[in-house]
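*Asks:* Here it is, the structure, as structure tokens.
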There are 2 protein chains.
Amino acid sequence: MQSIELSQHLATIVGADAVLTGEAAAPYFADWRGRYRGDALAVVFPSDTQQVSAVVKLCAENNIAIVPQGGNTSLCGASVPLADGSKQVVVNLSRMNRLRALDAVNYTMTVEAGCKLASLYEAAEQVDRLFPLGLTAIAPHCEIGGNLSTNAGGIGVLRYGNARDLVLGLEVVLPDGRIWDGLRSLRKDNTGYDLKHLFIGAEGTLGIITAAVLKLFPRPQSVATACVAVRDPAAAVALLAHLRATCGDNISGFEIISRSCLDLVFKNIPDTYEPFASKHEWIVITQLADVLDAPLDAALIAALEMFDEGVVEYTVTLDKDRAERWWKLRKNISDAQKIEGISIKHDVSVPIGRVAEFIAQASAALRNAWPGIRIVAFGHIGDGNIHYNASMPDAAQNMAFIEQYEQDVNSIVYKVVARLDGSISAEHGLGQLKRDEITRYKSPLELELMRSIKHAIDPHGLMNPGKVL
Amino acid sequence: MQSIELSQHLATIVGADAVLTGEAAAPYFADWRGRYRGDALAVVFPSDTQQVSAVVKLCAENNIAIVPQGGNTSLCGASVPLADGSKQVVVNLSRMNRLRALDAVNYTMTVEAGCKLASLYEAAEQVDRLFPLGLTAIAPHCEIGGNLSTNAGGIGVLRYGNARDLVLGLEVVLPDGRIWDGLRSLRKDNTGYDLKHLFIGAEGTLGIITAAVLKLFPRPQSVATACVAVRDPAAAVALLAHLRATCGDNISGFEIISRSCLDLVFKNIPDTYEPFASKHEWIVITQLADVLDAPLDAALIAALEMFDEGVVEYTVTLDKDRAERWWKLRKNISDAQKIEGISIKHDVSVPIGRVAEFIAQASAALRNAWPGIRIVAFGHIGDGNIHYNASMPDAAQNMAFIEQYEQDVNSIVYKVVARLDGSISAEHGLGQLKRDEITRYKSPLELELMRSIKHAIDPHGLMNPGKVL
């Protein structure tokens, strides 16, 4: 089929205004950071599931690969076409943005893939419910279909789980264009294999998620926040275990920040201040939230008083603005770092109890190889998930360093991760970025199982090729 | 391979004392209620994963089917061999009962499949943690491998989720005998397809779960319990939504009991009493539990006072014994019913908001067909999961009724379930019992997807054949 003929066919399915080619389509062939740029025959914007189905059928019949795309905010190149000259069509779900149902009694909503995450926060709020997938910075841009396809994480995982934990049912267009209606809103259903968990986190390689039934939660009313200076990451990990045991699972955030992060933030972000009179090497920001009107500050203070294995000092507040000033330190790390130049980034996880070992071992190995290297470590210590970035403090040196040594840095960091039974991609997925790398760390048997499943569901390999596997 | 030769081979793998045949093996070929009885060449009791692997390899090489078995407490015949004369070996995991690791800081434990559920409660308690899979009645008998293979539910689902939600990692012996080591204890790991969710709930048809990393939780310290007389199931459902919104997700139980259940309990179980001075048609028992030392009784009373859509009367207690007397009503329903004779049992679920419709529609249809039919409805209304049993009150009539009309009763009940987008097996699984029935209610496409996956992982169909699919 010629390219023009294909466009005409696609236009009969989705309407002429919903097919872009050539220059008009180009923005959809690159990711938002400009790291990945591919090419495709067209980008189409279906308005409903039937259109997605018809588009996929047409592509499948003509042996054209399909690249599902949402808000295109992937950090690993999962949502853009390959640059290998193969025949591909980008299927952008953004027009499928209806809220199909909102059931406050069942604590569920049924949403289409193209709904912006931020719009789902609002929809839930309007019926006094919470949708807790905590990617606040990117929520106005990312779409729920992409969030589910990458099993997104974020700030709320400690309490509410990853994206997959928030799903009761899915609707998926399969690689041959057929529609699997798995849009159940049941809390319990033991009638065979759990297919939804296969499509969640598959990065669009098994089918296109077109809609989902999501869980809602009650909205917390009371919040207490603590800023805690801790001796080291080991103390932070022990503190978290202690807080869970004494305050329960209402801990809805537990983030660690190193001195190097704080210094970058103070230097580059206006209106940011040391949270304590003295400087500390590591601080933790943690938050206790409850639907009940409970004296959470007293609970936090009591728990912190009881704990003496490495808490240097702490302060607790019920005041929203004061808490927000602390969170500002955490939320601006990436931006503060960007101002200093790029860095070699890692999104890794280890068992929570081994976070301290990971930071110590990886940092020692990197400093041994490159004395003077700047290590910026921070993140969701409550999930064992550390964002661990390395660069040279001198901007002139840094570019050359990254160009020459990125692979070596990765290799050192990932080897420590593997030794500690961790993951080289905690929440960002594999996409194009780590597709080859993962083959060094996953067992051949696990890769074989993944390929068997891929082959069973997408025998012609048309669904988002070159990603994940 | 001759049967004797096979036994000898098996004995070289697991030891002569760990292979039973003939009469000694017979108890393992039937389920605990005696509903299913099959036959197999032998039952083997491997002591570790390597032995399981070697046994499965031997069977696979000789085209002998494998029936994984734990505590053999399945309600659907999933854990016993078929009676069709085919070559089968039962692999009983009970000797694999080591606690491999217990990490209070990471809130995880690594356990082997043959661990009794009750022993896991104890292990967690010893480090001041909770393992919340709430099947208390059967916990001394069932084993965690079976709990995971059937994605068990129970009393704690409302707060802690089903069995699959409690798992971080798995070790599985595949149908060809190879071992998949997925024993990760990570809270976040986005590196490809989530294989563990495929094996959980597969009822042993894709492989044998030999070990798992399980999540632990803090132990609640304060508990308040309410017994609430409600106008009808609709009021109960609305009350739950209201309680979640005002008291939060610390509601750790919400069970409904109908008058017919109460009457059976009072009649047949000693030391049980009406919770109120007047008789009510429907009562709810609900429980609020918190790790924090919070005034939960006040919270429950405030929430109940605020709610006037169908609460007839209520009473709240912090007293354990008083609460236990209420729970006794719920926990003895099955036993009370058994004394009156057998019944046609259903374990169904619908979206929580439709529970009232389900009970009304199913009961109307059954009463229309068989006036005088006794309907015993109770269960986990917080999960939309109703145990819905039908029988004739007259014992003499009842046997004939069940013999003649069981299929018709099922058909009426399941049709209502299907109309309300529910599930015909909420927590018990399919096993042999509902293997055919499910084909009427699941879409052909979903069945096809399940079969494709089965074929990809178990191409020769040797793993627990005749169950699920």
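Naming scheme: A, B, ... for chains in displayed order of the structure tokens; residues 1 onward per chain; ligands 1 onward as shown.
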Determine, counting only C-alpha atoms, which protein, DNA and RNA residues have an atom within 8 Å of an atom of Val284 of chain B; residues of the same chain fewer than 2 positions away are not included. Present the result as a PyMOL selection string.

*Replies:* chain B and resi 226-230+236+254-257+282+286

*Asks:* Residues within 8 Å of Val43 of chain A, please, as a PDB file with N, CA, C and O atoms, in the first residue's frame. Count only C-alpha atoms; anything in the same chain fewer than 3 positions from it doesn't count.

*Replies:*
ATOM      1  N   VAL A  19      -5.744  12.838  10.687  1.00  0.00           N
ATOM      2  CA  VAL A  19      -4.559  12.159  10.137  1.00  0.00           C
ATOM      3  C   VAL A  19      -3.541  13.229   9.766  1.00  0.00           C
ATOM      4  O   VAL A  19      -3.848  14.153   9.002  1.00  0.00           O
ATOM      5  N   LEU A  20      -2.357  13.134  10.312  1.00  0.00           N
ATOM      6  CA  LEU A  20      -1.296  14.071   9.954  1.00  0.00           C
ATOM      7  C   LEU A  20      -0.143  13.301   9.322  1.00  0.00           C
ATOM      8  O   LEU A  20       0.186  12.196   9.741  1.00  0.00           O
ATOM      9  N   THR A  21       0.455  13.935   8.308  1.00  0.00           N
ATOM     10  CA  THR A  21       1.652  13.348   7.695  1.00  0.00           C
ATOM     11  C   THR A  21       2.668  14.469   7.479  1.00  0.00           C
ATOM     12  O   THR A  21       2.368  15.640   7.717  1.00  0.00           O
ATOM     13  N   ALA A  25       3.171  16.201  11.037  1.00  0.00           N
ATOM     14  CA  ALA A  25       3.223  15.045  11.933  1.00  0.00           C
ATOM     15  C   ALA A  25       4.520  14.988  12.735  1.00  0.00           C
ATOM     16  O   ALA A  25       4.587  14.327  13.786  1.00  0.00           O
ATOM     17  N   TYR A  28       5.138  14.674  16.536  1.00  0.00           N
ATOM     18  CA  TYR A  28       4.706  13.439  17.201  1.00  0.00           C
ATOM     19  C   TYR A  28       5.709  12.302  17.017  1.00  0.00           C
ATOM     20  O   TYR A  28       5.512  11.212  17.535  1.00  0.00           O
ATOM     21  N   ALA A  40       7.490   8.067  10.809  1.00  0.00           N
ATOM     22  CA  ALA A  40       6.347   7.182  10.613  1.00  0.00           C
ATOM     23  C   ALA A  40       5.568   7.653   9.403  1.00  0.00           C
ATOM     24  O   ALA A  40       5.736   8.795   8.927  1.00  0.00           O
ATOM     25  N   VAL A  89       2.882   3.489  11.983  1.00  0.00           N
ATOM     26  CA  VAL A  89       1.863   4.524  12.154  1.00  0.00           C
ATOM     27  C   VAL A  89       1.756   4.830  13.650  1.00  0.00           C
ATOM     28  O   VAL A  89       1.688   3.895  14.462  1.00  0.00           O
ATOM     29  N   VAL A  90       1.781   6.117  13.990  1.00  0.00           N
ATOM     30  CA  VAL A  90       1.596   6.499  15.387  1.00  0.00           C
ATOM     31  C   VAL A  90       0.097   6.636  15.659  1.00  0.00           C
ATOM     32  O   VAL A  90      -0.606   7.336  14.915  1.00  0.00           O
ATOM     33  N   VAL A  91      -0.383   5.946  16.680  1.00  0.00           N
ATOM     34  CA  VAL A  91      -1.784   6.066  17.078  1.00  0.00           C
ATOM     35  C   VAL A  91      -1.823   6.882  18.371  1.00  0.00           C
ATOM     36  O   VAL A  91      -1.487   6.383  19.445  1.00  0.00           O
ATOM     37  N   ASN A  92      -2.186   8.147  18.218  1.00  0.00           N
ATOM     38  CA  ASN A  92      -2.210   9.048  19.375  1.00  0.00           C
ATOM     39  C   ASN A  92      -3.610   9.046  19.985  1.00  0.00           C
ATOM     40  O   ASN A  92      -4.603   9.313  19.300  1.00  0.00           O
TER      41      ASN A  92
END

*Asks:* List the spatial neighbours of segment 363-374 of chain A as a ChimeraX atom specification - criterion: any atom at most 6 Å away, only C-alpha atoms, same-chain residues fewer than 5 positions off excluded.

*Replies:* /A:390-393

*Asks:* Please identify all residues of chain B having at least one atom at most 6 Å from any atom of chain A, considering only C-alpha atoms, and return them as a VMD selection string.

*Replies:* chain B and resid 105 to 106 185 to 191 193 202 218 241 245 247 to 248 291 to 292 351 to 353 383 423 425 to 427 429 to 430 452 456

*Asks:* Set the distance at 9 Å and use only C-alpha atoms: which residues neighbour Ala362 of chain A once local chain neighbours fewer than 6 positions away are removed? I'd like the list as number ranges by chain.

*Replies:* A: 412-417

*Asks:* Could you dump the residues just selected with all heavy atoms as a PDB file, in the first residue's frame?

*Replies:*
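This went into again_13.pdb:
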ATOM      1  N   ILE A 412      28.849   0.487  36.168  1.00  0.00           N
ATOM      2  CA  ILE A 412      29.217   0.438  37.598  1.00  0.00           C
ATOM      3  C   ILE A 412      27.961   0.475  38.470  1.00  0.00           C
ATOM      4  O   ILE A 412      27.797  -0.330  39.395  1.00  0.00           O
ATOM      5  CB  ILE A 412      30.169   1.614  37.941  1.00  0.00           C
ATOM      6  CG1 ILE A 412      31.563   1.328  37.373  1.00  0.00           C
ATOM      7  CG2 ILE A 412      30.226   1.838  39.458  1.00  0.00           C
ATOM      8  CD1 ILE A 412      32.553   2.472  37.537  1.00  0.00           C
ATOM      9  N   VAL A 413      27.055   1.404  38.149  1.00  0.00           N
ATOM     10  CA  VAL A 413      25.841   1.556  38.968  1.00  0.00           C
ATOM     11  C   VAL A 413      24.964   0.304  38.862  1.00  0.00           C
ATOM     12  O   VAL A 413      24.489  -0.238  39.866  1.00  0.00           O
ATOM     13  CB  VAL A 413      25.049   2.808  38.544  1.00  0.00           C
ATOM     14  CG1 VAL A 413      23.692   2.854  39.236  1.00  0.00           C
ATOM     15  CG2 VAL A 413      25.855   4.068  38.861  1.00  0.00           C
ATOM     16  N   TYR A 414      24.762  -0.181  37.645  1.00  0.00           N
ATOM     17  CA  TYR A 414      23.857  -1.317  37.452  1.00  0.00           C
ATOM     18  C   TYR A 414      24.421  -2.595  38.073  1.00  0.00           C
ATOM     19  O   TYR A 414      23.659  -3.468  38.511  1.00  0.00           O
ATOM     20  CB  TYR A 414      23.571  -1.522  35.961  1.00  0.00           C
ATOM     21  CG  TYR A 414      22.741  -0.419  35.349  1.00  0.00           C
ATOM     22  CD1 TYR A 414      22.759  -0.171  33.969  1.00  0.00           C
ATOM     23  CD2 TYR A 414      21.933   0.408  36.138  1.00  0.00           C
ATOM     24  CE1 TYR A 414      21.994   0.845  33.403  1.00  0.00           C
ATOM     25  CE2 TYR A 414      21.173   1.428  35.571  1.00  0.00           C
ATOM     26  CZ  TYR A 414      21.214   1.639  34.208  1.00  0.00           C
ATOM     27  OH  TYR A 414      20.465   2.635  33.646  1.00  0.00           O
ATOM     28  N   LYS A 415      25.746  -2.708  38.089  1.00  0.00           N
ATOM     29  CA  LYS A 415      26.322  -3.898  38.718  1.00  0.00           C
ATOM     30  C   LYS A 415      26.039  -3.907  40.221  1.00  0.00           C
ATOM     31  O   LYS A 415      25.770  -4.962  40.796  1.00  0.00           O
ATOM     32  CB  LYS A 415      27.826  -3.968  38.453  1.00  0.00           C
ATOM     33  CG  LYS A 415      28.126  -4.737  37.183  1.00  0.00           C
ATOM     34  CD  LYS A 415      29.603  -4.857  36.922  1.00  0.00           C
ATOM     35  CE  LYS A 415      29.828  -5.334  35.489  1.00  0.00           C
ATOM     36  NZ  LYS A 415      31.113  -4.858  34.948  1.00  0.00           N
ATOM     37  N   VAL A 416      26.123  -2.738  40.837  1.00  0.00           N
ATOM     38  CA  VAL A 416      25.785  -2.662  42.267  1.00  0.00           C
ATOM     39  C   VAL A 416      24.305  -3.001  42.452  1.00  0.00           C
ATOM     40  O   VAL A 416      23.931  -3.761  43.352  1.00  0.00           O
ATOM     41  CB  VAL A 416      26.103  -1.261  42.839  1.00  0.00           C
ATOM     42  CG1 VAL A 416      25.654  -1.168  44.301  1.00  0.00           C
ATOM     43  CG2 VAL A 416      27.589  -0.958  42.721  1.00  0.00           C
ATOM     44  N   VAL A 417      23.463  -2.454  41.594  1.00  0.00           N
ATOM     45  CA  VAL A 417      22.024  -2.747  41.655  1.00  0.00           C
ATOM     46  C   VAL A 417      21.782  -4.251  41.561  1.00  0.00           C
ATOM     47  O   VAL A 417      21.033  -4.832  42.354  1.00  0.00           O
ATOM     48  CB  VAL A 417      21.269  -2.016  40.516  1.00  0.00           C
ATOM     49  CG1 VAL A 417      19.848  -2.535  40.385  1.00  0.00           C
ATOM     50  CG2 VAL A 417      21.262  -0.512  40.762  1.00  0.00           C
TER      51      VAL A 417
END

*Asks:* At a cut-off of 9 Å, using only C-alpha atoms, what residues contact Trp32 of chain A? Leave out same-chain residues fewer than 3 positions from it and give the result as a ChimeraX atom specification.

*Replies:* /A:27,35-36,72-75

*Asks:* Based on the selection just made, write N, CA, C and O atoms of those residues as a PDB file, in the first residue's frame.

*Replies:*
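What ended up in out_11.pdb:
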ATOM      1  N   PRO A  27       6.213  16.658  14.934  1.00  0.00           N
ATOM      2  CA  PRO A  27       6.311  16.803  16.398  1.00  0.00           C
ATOM      3  C   PRO A  27       5.934  15.519  17.156  1.00  0.00           C
ATOM      4  O   PRO A  27       6.370  15.335  18.289  1.00  0.00           O
ATOM      5  N   ARG A  35      15.212  13.617  22.837  1.00  0.00           N
ATOM      6  CA  ARG A  35      16.269  12.597  22.848  1.00  0.00           C
ATOM      7  C   ARG A  35      16.053  11.533  21.772  1.00  0.00           C
ATOM      8  O   ARG A  35      16.988  10.907  21.313  1.00  0.00           O
ATOM      9  N   TYR A  36      14.774  11.286  21.456  1.00  0.00           N
ATOM     10  CA  TYR A  36      14.453  10.244  20.483  1.00  0.00           C
ATOM     11  C   TYR A  36      13.675  10.868  19.335  1.00  0.00           C
ATOM     12  O   TYR A  36      12.718  11.600  19.562  1.00  0.00           O
ATOM     13  N   ASN A  72       3.032  11.505  25.378  1.00  0.00           N
ATOM     14  CA  ASN A  72       4.392  11.469  24.839  1.00  0.00           C
ATOM     15  C   ASN A  72       5.416  12.004  25.838  1.00  0.00           C
ATOM     16  O   ASN A  72       6.362  12.708  25.458  1.00  0.00           O
ATOM     17  N   THR A  73       5.225  11.696  27.111  1.00  0.00           N
ATOM     18  CA  THR A  73       6.165  12.162  28.130  1.00  0.00           C
ATOM     19  C   THR A  73       7.113  11.055  28.595  1.00  0.00           C
ATOM     20  O   THR A  73       7.766  11.195  29.630  1.00  0.00           O
ATOM     21  N   SER A  74       7.176   9.964  27.845  1.00  0.00           N
ATOM     22  CA  SER A  74       8.080   8.863  28.209  1.00  0.00           C
ATOM     23  C   SER A  74       9.502   9.377  28.382  1.00  0.00           C
ATOM     24  O   SER A  74       9.955  10.266  27.665  1.00  0.00           O
ATOM     25  N   LEU A  75      10.206   8.805  29.352  1.00  0.00           N
ATOM     26  CA  LEU A  75      11.610   9.161  29.555  1.00  0.00           C
ATOM     27  C   LEU A  75      12.539   8.166  28.863  1.00  0.00           C
ATOM     28  O   LEU A  75      13.745   8.303  28.913  1.00  0.00           O
TER      29      LEU A  75
END

*Asks:* Would you give me, as a PyMOL selection string, the residues in segment 142-379 of chain B that DSSP reads as alpha helix (DSSP H)?

*Replies:* chain B and resi 144-149+157-160+196-199+233-247+259-268+296-306+320-331+333-339+355-369

*Asks:* Near Glu340 of chain B, within 10 Å and counting only C-alpha atoms, which residues show up once chain neighbours fewer than 4 positions away are dropped, as an MDAnalysis selection string?

*Replies:* chainID B and resid 264 267:268 335:336 391:395 398

*Asks:* Write a file of the just-selected residues containing N, CA and C atoms, as a PDB file, in the first residue's frame.

*Replies:*
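The resulting part_13.pdb:
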ATOM      1  N   LEU B 264     -30.606 -19.132  61.371  1.00  0.00           N
ATOM      2  CA  LEU B 264     -29.897 -20.413  61.320  1.00  0.00           C
ATOM      3  C   LEU B 264     -28.835 -20.494  62.403  1.00  0.00           C
ATOM      4  N   LYS B 267     -30.384 -20.862  65.879  1.00  0.00           N
ATOM      5  CA  LYS B 267     -30.971 -22.182  66.036  1.00  0.00           C
ATOM      6  C   LYS B 267     -29.917 -23.266  66.269  1.00  0.00           C
ATOM      7  N   ASN B 268     -28.779 -23.166  65.555  1.00  0.00           N
ATOM      8  CA  ASN B 268     -27.847 -24.290  65.508  1.00  0.00           C
ATOM      9  C   ASN B 268     -26.519 -24.098  66.241  1.00  0.00           C
ATOM     10  N   ASP B 335     -21.296 -23.101  59.118  1.00  0.00           N
ATOM     11  CA  ASP B 335     -21.503 -24.277  59.965  1.00  0.00           C
ATOM     12  C   ASP B 335     -22.983 -24.445  60.322  1.00  0.00           C
ATOM     13  N   ALA B 336     -23.644 -23.335  60.640  1.00  0.00           N
ATOM     14  CA  ALA B 336     -25.059 -23.393  60.995  1.00  0.00           C
ATOM     15  C   ALA B 336     -25.883 -23.943  59.839  1.00  0.00           C
ATOM     16  N   SER B 391     -31.508 -23.277  49.183  1.00  0.00           N
ATOM     17  CA  SER B 391     -31.903 -24.649  49.537  1.00  0.00           C
ATOM     18  C   SER B 391     -33.396 -24.657  49.852  1.00  0.00           C
ATOM     19  N   MET B 392     -33.933 -25.862  50.077  1.00  0.00           N
ATOM     20  CA  MET B 392     -35.313 -25.975  50.548  1.00  0.00           C
ATOM     21  C   MET B 392     -35.274 -26.171  52.061  1.00  0.00           C
ATOM     22  N   PRO B 393     -36.100 -25.466  52.800  1.00  0.00           N
ATOM     23  CA  PRO B 393     -36.053 -25.557  54.260  1.00  0.00           C
ATOM     24  C   PRO B 393     -36.366 -26.968  54.750  1.00  0.00           C
ATOM     25  N   ASP B 394     -37.203 -27.670  54.021  1.00  0.00           N
ATOM     26  CA  ASP B 394     -37.543 -29.035  54.416  1.00  0.00           C
ATOM     27  C   ASP B 394     -36.439 -29.984  53.936  1.00  0.00           C
ATOM     28  N   ALA B 395     -35.786 -30.638  54.902  1.00  0.00           N
ATOM     29  CA  ALA B 395     -34.617 -31.456  54.584  1.00  0.00           C
ATOM     30  C   ALA B 395     -34.951 -32.579  53.605  1.00  0.00           C
ATOM     31  N   ASN B 398     -35.243 -31.194  50.217  1.00  0.00           N
ATOM     32  CA  ASN B 398     -34.056 -30.464  49.772  1.00  0.00           C
ATOM     33  C   ASN B 398     -33.149 -31.286  48.862  1.00  0.00           C
TER      34      ASN B 398
END

*Asks:* Enter the distance from atom CA of Gly71 of chain B to atom CA of Ala83 of chain B, in Å, rounded to one decimal.

*Replies:*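 Separation between atom CA of Gly71 of chain B and atom CA of Ala83 of chain B: 19.8 Å.
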
*Asks:* If DSSP is run on the backbone, what residues of segment 335-369 of chain B are strand (DSSP E or B)? A reply as a PyMOL selection string would be ideal.

*Replies:* chain B and resi 344+347-349

*Asks:* With C-alpha atoms retained, could you export that selection as a PDB file, in the first residue's frame?

*Replies:*
ATOM      1  CA  ILE B 344     -26.501 -24.777  46.319  1.00  0.00           C
ATOM      2  CA  ASP B 347     -19.477 -17.224  45.435  1.00  0.00           C
ATOM      3  CA  VAL B 348     -20.245 -14.250  43.236  1.00  0.00           C
ATOM      4  CA  SER B 349     -19.215 -10.633  42.983  1.00  0.00           C
TER       5      SER B 349
END

*Asks:* In terms of the shortest atom-to-atom distance over only C-alpha atoms, which of B:Ala418, B:Leu433, B:Cys261, B:Pro140 is closest to Gln361 of chain B?

*Replies:*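 That would be B:Ala418, the residue with the smallest distance to Gln361 of chain B.
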
*Asks:* Rank nothing, just name the residue among B:Leu214, B:Arg330, B:Cys76, B:Arg95 nearest to Val111 of chain B, using only C-alpha atoms.

*Replies:*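 Looking only at the distances to Val111 of chain B, the closest residue turns out to be B:Leu214.
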
*Asks:* Rounded to one decimal, what separation in Å do you get between atom CA of Thr12 of chain A and atom CA of Ile209 of chain A?

*Replies:*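 Going from atom CA of Thr12 of chain A over to atom CA of Ile209 of chain A covers 22.5 Å.
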
*Asks:* Could you check which of A:Ala65, A:Ile375, A:Leu102, A:Leu462 is closest to Asp263 of chain A, using only C-alpha atoms?

*Replies:*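 Among the listed residues, A:Ile375 lies closest to Asp263 of chain A.
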
*Asks:* Write out as a list in words which residues come within 6 Å of Gly114 of chain B when counting only C-alpha atoms, dropping same-chain ones fewer than 3 positions away.

*Replies:* Leu93, Ser94, Met96, Asn97 and Glu143 of chain B

*Asks:* Any chance you can output those residues with N, CA, C and O atoms as an mmCIF file, in the first residue's frame?

*Replies:*
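Just written: result-v3.cif:
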data_model
loop_
_atom_site.group_PDB
_atom_site.id
_atom_site.type_symbol
_atom_site.label_atom_id
_atom_site.label_comp_id
_atom_site.auth_asym_id
_atom_site.auth_seq_id
_atom_site.Cartn_x
_atom_site.Cartn_y
_atom_site.Cartn_z
ATOM 1 N N LEU B 93 3.273 -29.978 47.944
ATOM 2 C CA LEU B 93 4.348 -29.064 48.344
ATOM 3 C C LEU B 93 4.535 -28.969 49.863
ATOM 4 O O LEU B 93 5.336 -28.164 50.332
ATOM 5 N N SER B 94 3.804 -29.776 50.617
ATOM 6 C CA SER B 94 3.745 -29.561 52.070
ATOM 7 C C SER B 94 5.091 -29.650 52.787
ATOM 8 O O SER B 94 5.279 -29.049 53.837
ATOM 9 N N MET B 96 7.819 -28.468 51.644
ATOM 10 C CA MET B 96 8.573 -27.221 51.388
ATOM 11 C C MET B 96 7.972 -26.129 52.255
ATOM 12 O O MET B 96 7.181 -25.314 51.787
ATOM 13 N N ASN B 97 8.339 -26.132 53.531
ATOM 14 C CA ASN B 97 7.665 -25.224 54.464
ATOM 15 C C ASN B 97 8.644 -24.357 55.254
ATOM 16 O O ASN B 97 8.407 -24.029 56.392
ATOM 17 N N GLU B 143 -2.219 -23.843 52.550
ATOM 18 C CA GLU B 143 -0.805 -23.477 52.403
ATOM 19 C C GLU B 143 -0.688 -22.282 51.465
ATOM 20 O O GLU B 143 -1.510 -22.109 50.569
#

*Asks:* Counting only C-alpha atoms, which residue out of A:Glu403, A:Glu125, A:Asp319, A:Asp48 sits closest to Asp297 of chain A?

*Replies:* A:Asp319

*Asks:* To one decimal place, how far is atom CA of Tyr405 of chain B from atom CA of Asn389 of chain B in Å?

*Replies:*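 Here the two named atoms are 13.4 Å from each other.
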
*Asks:* Between A:Val167, A:Leu99, A:Ala298, A:Ile333, which has the minimum distance to Leu262 of chain A (counting only C-alpha atoms)?

*Replies:*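 Under the stated criterion, the closest residue is A:Ile333.
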